[in-house]
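Source file: input-v5.cif. Holds: mmCIF, C-alpha atoms, pLDDT in the B column; chains and numbers go by the auth columns.
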```
data_protein
#
loop_
_atom_site.group_PDB
_atom_site.id
_atom_site.type_symbol
_atom_site.label_atom_id
_atom_site.label_comp_id
_atom_site.label_asym_id
_atom_site.label_seq_id
_atom_site.Cartn_x
_atom_site.Cartn_y
_atom_site.Cartn_z
_atom_site.B_iso_or_equiv
_atom_site.auth_seq_id
_atom_site.auth_asym_id
ATOM 1 C CA MET A 1 0.000 0.000 0.000 45.00 1 Y
ATOM 2 C CA ARG A 2 2.836 2.352 0.886 42.00 2 Y
ATOM 3 C CA LEU A 3 4.467 1.727 -2.505 37.00 3 Y
ATOM 4 C CA ILE A 4 1.197 2.537 -4.289 39.00 4 Y
ATOM 5 C CA MET A 5 0.896 5.799 -2.348 38.00 5 Y
ATOM 6 C CA CYS A 6 4.496 6.753 -3.185 35.00 6 Y
ATOM 7 C CA LEU A 7 3.957 5.965 -6.856 36.00 7 Y
ATOM 8 C CA LEU A 8 0.718 7.955 -6.871 37.00 8 Y
ATOM 9 C CA ALA A 9 2.424 10.923 -5.211 40.00 9 Y
ATOM 10 C CA ALA A 10 5.287 10.758 -7.720 38.00 10 Y
ATOM 11 C CA PHE A 11 2.832 10.587 -10.643 41.00 11 Y
ATOM 12 C CA LEU A 12 0.830 13.548 -9.379 41.00 12 Y
ATOM 13 C CA THR A 13 3.975 15.574 -8.855 39.00 13 Y
ATOM 14 C CA LEU A 14 5.143 14.854 -12.396 41.00 14 Y
ATOM 15 C CA ALA A 15 1.684 15.548 -13.799 41.00 15 Y
ATOM 16 C CA LEU A 16 1.580 19.042 -12.341 42.00 16 Y
ATOM 17 C CA PRO A 17 2.721 21.742 -14.732 45.00 17 Y
ATOM 18 C CA ALA A 18 6.256 22.859 -14.101 43.00 18 Y
ATOM 19 C CA ARG A 19 6.794 26.493 -13.342 48.00 19 Y
ATOM 20 C CA ALA A 20 9.629 27.705 -15.473 50.00 20 Y
ATOM 21 C CA GLU A 21 10.105 30.650 -13.175 66.00 21 Y
ATOM 22 C CA SER A 22 9.031 32.241 -9.957 86.00 22 Y
ATOM 23 C CA LEU A 23 7.609 35.712 -9.636 95.00 23 Y
ATOM 24 C CA SER A 24 9.954 38.411 -8.457 96.00 24 Y
ATOM 25 C CA PRO A 25 8.833 41.645 -6.803 96.00 25 Y
ATOM 26 C CA GLN A 26 9.684 43.319 -10.129 97.00 26 Y
ATOM 27 C CA ASP A 27 7.380 40.910 -12.012 97.00 27 Y
ATOM 28 C CA GLU A 28 4.552 41.757 -9.625 98.00 28 Y
ATOM 29 C CA ALA A 29 5.212 45.489 -10.050 98.00 29 Y
ATOM 30 C CA ASP A 30 5.243 45.009 -13.826 98.00 30 Y
ATOM 31 C CA PHE A 31 1.892 43.167 -13.690 98.00 31 Y
ATOM 32 C CA ARG A 32 0.356 46.056 -11.783 98.00 32 Y
ATOM 33 C CA ALA A 33 1.813 48.681 -14.118 98.00 33 Y
ATOM 34 C CA VAL A 34 0.560 46.896 -17.258 98.00 34 Y
ATOM 35 C CA ILE A 35 -2.926 46.291 -15.858 98.00 35 Y
ATOM 36 C CA ALA A 36 -3.241 49.813 -14.430 98.00 36 Y
ATOM 37 C CA ASP A 37 -2.186 51.335 -17.742 98.00 37 Y
ATOM 38 C CA GLN A 38 -4.670 49.189 -19.653 98.00 38 Y
ATOM 39 C CA ILE A 39 -7.497 50.195 -17.308 98.00 39 Y
ATOM 40 C CA ALA A 40 -6.485 53.860 -17.698 98.00 40 Y
ATOM 41 C CA ALA A 41 -6.540 53.390 -21.476 98.00 41 Y
ATOM 42 C CA PHE A 42 -10.044 51.878 -21.279 98.00 42 Y
ATOM 43 C CA GLN A 43 -11.227 54.833 -19.214 97.00 43 Y
ATOM 44 C CA ALA A 44 -9.769 57.223 -21.820 97.00 44 Y
ATOM 45 C CA ASP A 45 -11.226 55.179 -24.719 97.00 45 Y
ATOM 46 C CA ASP A 46 -7.666 54.804 -26.029 98.00 46 Y
ATOM 47 C CA GLY A 47 -8.047 51.543 -27.907 98.00 47 Y
ATOM 48 C CA ALA A 48 -4.539 51.500 -29.337 98.00 48 Y
ATOM 49 C CA ARG A 49 -2.952 51.882 -25.898 98.00 49 Y
ATOM 50 C CA ALA A 50 -5.241 49.285 -24.295 98.00 50 Y
ATOM 51 C CA TYR A 51 -4.570 46.881 -27.165 98.00 51 Y
ATOM 52 C CA SER A 52 -0.799 47.343 -26.807 98.00 52 Y
ATOM 53 C CA HIS A 53 -0.990 45.384 -23.537 98.00 53 Y
ATOM 54 C CA ALA A 54 -2.672 42.360 -25.139 98.00 54 Y
ATOM 55 C CA ALA A 55 -0.545 39.252 -25.640 98.00 55 Y
ATOM 56 C CA PRO A 56 -0.186 37.710 -29.121 98.00 56 Y
ATOM 57 C CA MET A 57 -2.943 35.119 -28.572 97.00 57 Y
ATOM 58 C CA ILE A 58 -5.436 37.887 -27.743 97.00 58 Y
ATOM 59 C CA ARG A 59 -4.320 39.794 -30.835 97.00 59 Y
ATOM 60 C CA GLN A 60 -4.978 36.708 -32.970 97.00 60 Y
ATOM 61 C CA ILE A 61 -8.535 36.494 -31.661 97.00 61 Y
ATOM 62 C CA PHE A 62 -9.131 40.262 -31.925 97.00 62 Y
ATOM 63 C CA PRO A 63 -6.938 41.418 -34.821 97.00 63 Y
ATOM 64 C CA ASP A 64 -7.377 45.165 -34.316 97.00 64 Y
ATOM 65 C CA PRO A 65 -7.968 47.640 -31.467 98.00 65 Y
ATOM 66 C CA GLY A 66 -11.563 48.336 -32.528 97.00 66 Y
ATOM 67 C CA ARG A 67 -12.651 44.713 -32.225 97.00 67 Y
ATOM 68 C CA PHE A 68 -10.744 44.349 -28.989 98.00 68 Y
ATOM 69 C CA MET A 69 -12.427 47.413 -27.472 98.00 69 Y
ATOM 70 C CA ALA A 70 -15.862 46.249 -28.638 98.00 70 Y
ATOM 71 C CA MET A 71 -15.325 42.922 -26.854 97.00 71 Y
ATOM 72 C CA VAL A 72 -14.211 44.669 -23.652 98.00 72 Y
ATOM 73 C CA LYS A 73 -17.151 47.107 -23.725 97.00 73 Y
ATOM 74 C CA GLN A 74 -19.613 44.251 -24.217 97.00 74 Y
ATOM 75 C CA GLY A 75 -18.234 41.631 -21.846 96.00 75 Y
ATOM 76 C CA TYR A 76 -16.029 43.396 -19.332 97.00 76 Y
ATOM 77 C CA GLN A 77 -17.874 46.541 -18.195 97.00 77 Y
ATOM 78 C CA PRO A 78 -16.358 46.406 -14.679 98.00 78 Y
ATOM 79 C CA VAL A 79 -12.855 46.459 -16.210 97.00 79 Y
ATOM 80 C CA TYR A 80 -13.827 48.978 -18.895 98.00 80 Y
ATOM 81 C CA ARG A 81 -15.436 51.479 -16.492 98.00 81 Y
ATOM 82 C CA PRO A 82 -14.506 50.628 -12.907 98.00 82 Y
ATOM 83 C CA GLN A 83 -15.567 52.929 -10.104 98.00 83 Y
ATOM 84 C CA SER A 84 -12.422 51.788 -8.297 98.00 84 Y
ATOM 85 C CA TYR A 85 -10.000 48.901 -8.213 98.00 85 Y
ATOM 86 C CA SER A 86 -7.209 47.530 -6.045 98.00 86 Y
ATOM 87 C CA PHE A 87 -4.616 44.881 -6.608 98.00 87 Y
ATOM 88 C CA GLY A 88 -4.793 41.587 -4.793 97.00 88 Y
ATOM 89 C CA THR A 89 -2.250 38.817 -4.833 96.00 89 Y
ATOM 90 C CA ALA A 90 -0.102 37.698 -7.727 97.00 90 Y
ATOM 91 C CA GLY A 91 0.857 34.079 -8.119 97.00 91 Y
ATOM 92 C CA PHE A 92 0.204 31.114 -10.330 97.00 92 Y
ATOM 93 C CA SER A 93 -2.987 29.497 -11.558 96.00 93 Y
ATOM 94 C CA ALA A 94 -3.641 25.781 -11.080 95.00 94 Y
ATOM 95 C CA SER A 95 -2.181 25.272 -14.566 94.00 95 Y
ATOM 96 C CA GLY A 96 1.010 27.117 -13.611 96.00 96 Y
ATOM 97 C CA ARG A 97 0.363 30.375 -15.471 97.00 97 Y
ATOM 98 C CA PRO A 98 1.263 33.686 -13.813 98.00 98 Y
ATOM 99 C CA ILE A 99 -1.808 35.569 -12.592 98.00 99 Y
ATOM 100 C CA GLN A 100 -2.680 38.850 -10.904 98.00 100 Y
ATOM 101 C CA ARG A 101 -5.896 39.282 -8.944 98.00 101 Y
ATOM 102 C CA VAL A 102 -7.655 42.655 -9.067 98.00 102 Y
ATOM 103 C CA MET A 103 -10.626 43.630 -6.929 98.00 103 Y
ATOM 104 C CA ILE A 104 -12.992 45.943 -8.828 98.00 104 Y
ATOM 105 C CA VAL A 105 -16.074 47.982 -7.974 98.00 105 Y
ATOM 106 C CA GLY A 106 -17.933 48.013 -11.273 97.00 106 Y
ATOM 107 C CA PRO A 107 -20.011 50.789 -12.795 97.00 107 Y
ATOM 108 C CA ASP A 108 -23.039 49.015 -11.316 96.00 108 Y
ATOM 109 C CA GLY A 109 -21.630 49.386 -7.779 96.00 109 Y
ATOM 110 C CA LEU A 110 -21.101 45.630 -7.447 97.00 110 Y
ATOM 111 C CA ASN A 111 -17.830 43.978 -6.441 98.00 111 Y
ATOM 112 C CA TYR A 112 -15.913 41.842 -8.917 98.00 112 Y
ATOM 113 C CA GLU A 113 -12.661 39.958 -9.007 97.00 113 Y
ATOM 114 C CA ALA A 114 -10.680 40.091 -12.224 98.00 114 Y
ATOM 115 C CA ILE A 115 -8.053 37.384 -12.556 98.00 115 Y
ATOM 116 C CA TYR A 116 -5.528 38.432 -15.184 98.00 116 Y
ATOM 117 C CA THR A 117 -3.344 35.818 -16.822 98.00 117 Y
ATOM 118 C CA MET A 118 0.023 37.303 -17.694 98.00 118 Y
ATOM 119 C CA GLU A 119 2.514 36.169 -20.323 98.00 119 Y
ATOM 120 C CA ARG A 120 6.207 37.036 -20.510 97.00 120 Y
ATOM 121 C CA GLN A 121 7.225 38.135 -23.982 97.00 121 Y
ATOM 122 C CA PRO A 122 10.542 37.270 -25.677 97.00 122 Y
ATOM 123 C CA ASP A 123 11.845 40.758 -24.837 97.00 123 Y
ATOM 124 C CA GLY A 124 11.182 40.121 -21.124 95.00 124 Y
ATOM 125 C CA THR A 125 8.115 42.367 -20.819 97.00 125 Y
ATOM 126 C CA TRP A 126 4.733 41.159 -19.592 98.00 126 Y
ATOM 127 C CA GLN A 127 1.459 41.306 -21.500 98.00 127 Y
ATOM 128 C CA ILE A 128 -2.096 40.333 -20.618 98.00 128 Y
ATOM 129 C CA ASN A 129 -3.074 36.938 -21.993 98.00 129 Y
ATOM 130 C CA GLY A 130 -6.599 36.838 -20.601 97.00 130 Y
ATOM 131 C CA CYS A 131 -8.922 38.048 -17.893 97.00 131 Y
ATOM 132 C CA ALA A 132 -11.542 36.066 -16.010 97.00 132 Y
ATOM 133 C CA LEU A 133 -14.149 38.271 -14.389 96.00 133 Y
ATOM 134 C CA VAL A 134 -16.345 36.984 -11.580 95.00 134 Y
ATOM 135 C CA LYS A 135 -18.777 38.661 -9.218 93.00 135 Y
ATOM 136 C CA ALA A 136 -17.292 38.740 -5.762 84.00 136 Y
ATOM 137 C CA LYS A 137 -19.258 37.191 -2.947 79.00 137 Y
ATOM 138 C CA ASP A 138 -21.409 39.605 -0.995 65.00 138 Y
ATOM 139 C CA VAL A 139 -19.795 40.031 2.400 58.00 139 Y
ATOM 140 C CA SER A 140 -22.327 42.483 3.838 57.00 140 Y
ATOM 141 C CA ALA A 141 -24.110 41.401 6.987 51.00 141 Y
#
```

Can you give me the file's structure in the form of structure tokens?
Amino acid sequence: MRLIMCLLAAFLTLALPARAESLSPQDEADFRAVIADQIAAFQADDGARAYSHAAPMIRQIFPDPGRFMAMVKQGYQPVYRPQSYSFGTAGFSASGRPIQRVMIVGPDGLNYEAIYTMERQPDGTWQINGCALVKAKDVSA
């Protein structure tokens, strides 16, 4: 039984995605700078600037700033027009991708959590490779 447990533990460890890197304080600062600048660009309706922070995969799906902005306006109103936002923790997703959590008060006054997936580019900079937006749990009593 002990051998089976050891083999299972070894298999699960090998099955987990390997993290090629760890996040440095500079990486976390870079995440925040990129996300904050993209949110500022959304608020200014500066599609080109907002789009400049999108990783190549996002650019393949939305091949120009106009389409990208239309998608954000339609599906990501809390990110597009937040009343306020604050940065939460940075870390790794279950699949091993770097993420940054952002707490947002949307234009509707509701609380949201935006989980940004970040991608390091060949030049060492970070770009946004996706954003999952969920309504935060109501914590009022």

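For the file at hand, the PyMOL selection byres ((chain Y and resi 56-70) around 9) resolves to Phe42, Asp45, Asp46, Gly47, Ala48, Arg49, Ala50, Tyr51, Ser52, Ala54, Ala55, Met71, Val72, Lys73, Gln74, Gly75, Tyr80, Gln127, Ile128, Asn129 and Gly130 of chain Y.
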
Convert the output of the PyMOL selection byres ((chain Y and resi 116) around 8) on the shown file into explicit residues, formatted as a VMD selection string. chain Y and resid 99 to 102 114 to 115 117 to 118 128 to 132

Please produce an output containing C-alpha atoms for each residue in the selection, written as an mmCIF file, keeping the file's coordinate frame.
```cif
data_model
loop_
_atom_site.group_PDB
_atom_site.id
_atom_site.type_symbol
_atom_site.label_atom_id
_atom_site.label_comp_id
_atom_site.auth_asym_id
_atom_site.auth_seq_id
_atom_site.Cartn_x
_atom_site.Cartn_y
_atom_site.Cartn_z
ATOM 1 C CA ILE Y 99 -1.808 35.569 -12.592
ATOM 2 C CA GLN Y 100 -2.680 38.850 -10.904
ATOM 3 C CA ARG Y 101 -5.896 39.282 -8.944
ATOM 4 C CA VAL Y 102 -7.655 42.655 -9.067
ATOM 5 C CA ALA Y 114 -10.680 40.091 -12.224
ATOM 6 C CA ILE Y 115 -8.053 37.384 -12.556
ATOM 7 C CA THR Y 117 -3.344 35.818 -16.822
ATOM 8 C CA MET Y 118 0.023 37.303 -17.694
ATOM 9 C CA ILE Y 128 -2.096 40.333 -20.618
ATOM 10 C CA ASN Y 129 -3.074 36.938 -21.993
ATOM 11 C CA GLY Y 130 -6.599 36.838 -20.601
ATOM 12 C CA CYS Y 131 -8.922 38.048 -17.893
ATOM 13 C CA ALA Y 132 -11.542 36.066 -16.010
#
```

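Comparing the minimum interatomic distances between Gln38 (chain Y) and each of Y:Val79, Y:Ala90, Y:Leu23, Y:Val105, counting all atoms listed in the file, we find that Y:Val79 sits nearest.
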
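Between CA of Asp123 (chain Y) and CA of Met103 (chain Y) there is a distance of 28.9 Å.
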
Closest of Y:Glu119, Y:Asp37, Y:Asp27, Y:Glu113 to Val134 (chain Y) - atom-to-atom distances counting all atoms listed in the file: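 When distances to Val134 (chain Y) are compared using all atoms listed in the file, the smallest one comes from Y:Glu113.
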
Interatomic distance between CA of Phe92 (chain Y) and CA of Pro107 (chain Y)?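 These atoms are spaced 28.3 Å apart.
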
Between CA of Leu110 (chain Y) and CA of Ala44 (chain Y), distance in Å (one decimal): 21.7 Å

Closest of Y:Ser22, Y:Ser95, Y:Gln121, Y:Gln43 to Gln77 (chain Y), counting only C-alpha atoms, is Y:Gln43

Is there a way to get, as a PDB file with C-alpha atoms, in the frame of the given file, all residues within 12 Å of the point (7.8, 41.8, -10.2) in file coordinates, counting only C-alpha atoms?
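File produced: result_7.pdb:
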```pdb
ATOM      1  CA  GLU Y  21      10.105  30.650 -13.175  1.00 66.00           C
ATOM      2  CA  SER Y  22       9.031  32.241  -9.957  1.00 86.00           C
ATOM      3  CA  LEU Y  23       7.609  35.712  -9.636  1.00 95.00           C
ATOM      4  CA  SER Y  24       9.954  38.411  -8.457  1.00 96.00           C
ATOM      5  CA  PRO Y  25       8.833  41.645  -6.803  1.00 96.00           C
ATOM      6  CA  GLN Y  26       9.684  43.319 -10.129  1.00 97.00           C
ATOM      7  CA  ASP Y  27       7.380  40.910 -12.012  1.00 97.00           C
ATOM      8  CA  GLU Y  28       4.552  41.757  -9.625  1.00 98.00           C
ATOM      9  CA  ALA Y  29       5.212  45.489 -10.050  1.00 98.00           C
ATOM     10  CA  ASP Y  30       5.243  45.009 -13.826  1.00 98.00           C
ATOM     11  CA  PHE Y  31       1.892  43.167 -13.690  1.00 98.00           C
ATOM     12  CA  ARG Y  32       0.356  46.056 -11.783  1.00 98.00           C
ATOM     13  CA  ALA Y  33       1.813  48.681 -14.118  1.00 98.00           C
ATOM     14  CA  VAL Y  34       0.560  46.896 -17.258  1.00 98.00           C
ATOM     15  CA  THR Y  89      -2.250  38.817  -4.833  1.00 96.00           C
ATOM     16  CA  ALA Y  90      -0.102  37.698  -7.727  1.00 97.00           C
ATOM     17  CA  GLY Y  91       0.857  34.079  -8.119  1.00 97.00           C
ATOM     18  CA  PRO Y  98       1.263  33.686 -13.813  1.00 98.00           C
ATOM     19  CA  ILE Y  99      -1.808  35.569 -12.592  1.00 98.00           C
ATOM     20  CA  GLN Y 100      -2.680  38.850 -10.904  1.00 98.00           C
ATOM     21  CA  MET Y 118       0.023  37.303 -17.694  1.00 98.00           C
ATOM     22  CA  ARG Y 120       6.207  37.036 -20.510  1.00 97.00           C
ATOM     23  CA  GLY Y 124      11.182  40.121 -21.124  1.00 95.00           C
ATOM     24  CA  THR Y 125       8.115  42.367 -20.819  1.00 97.00           C
ATOM     25  CA  TRP Y 126       4.733  41.159 -19.592  1.00 98.00           C
TER      26      TRP Y 126
END
```
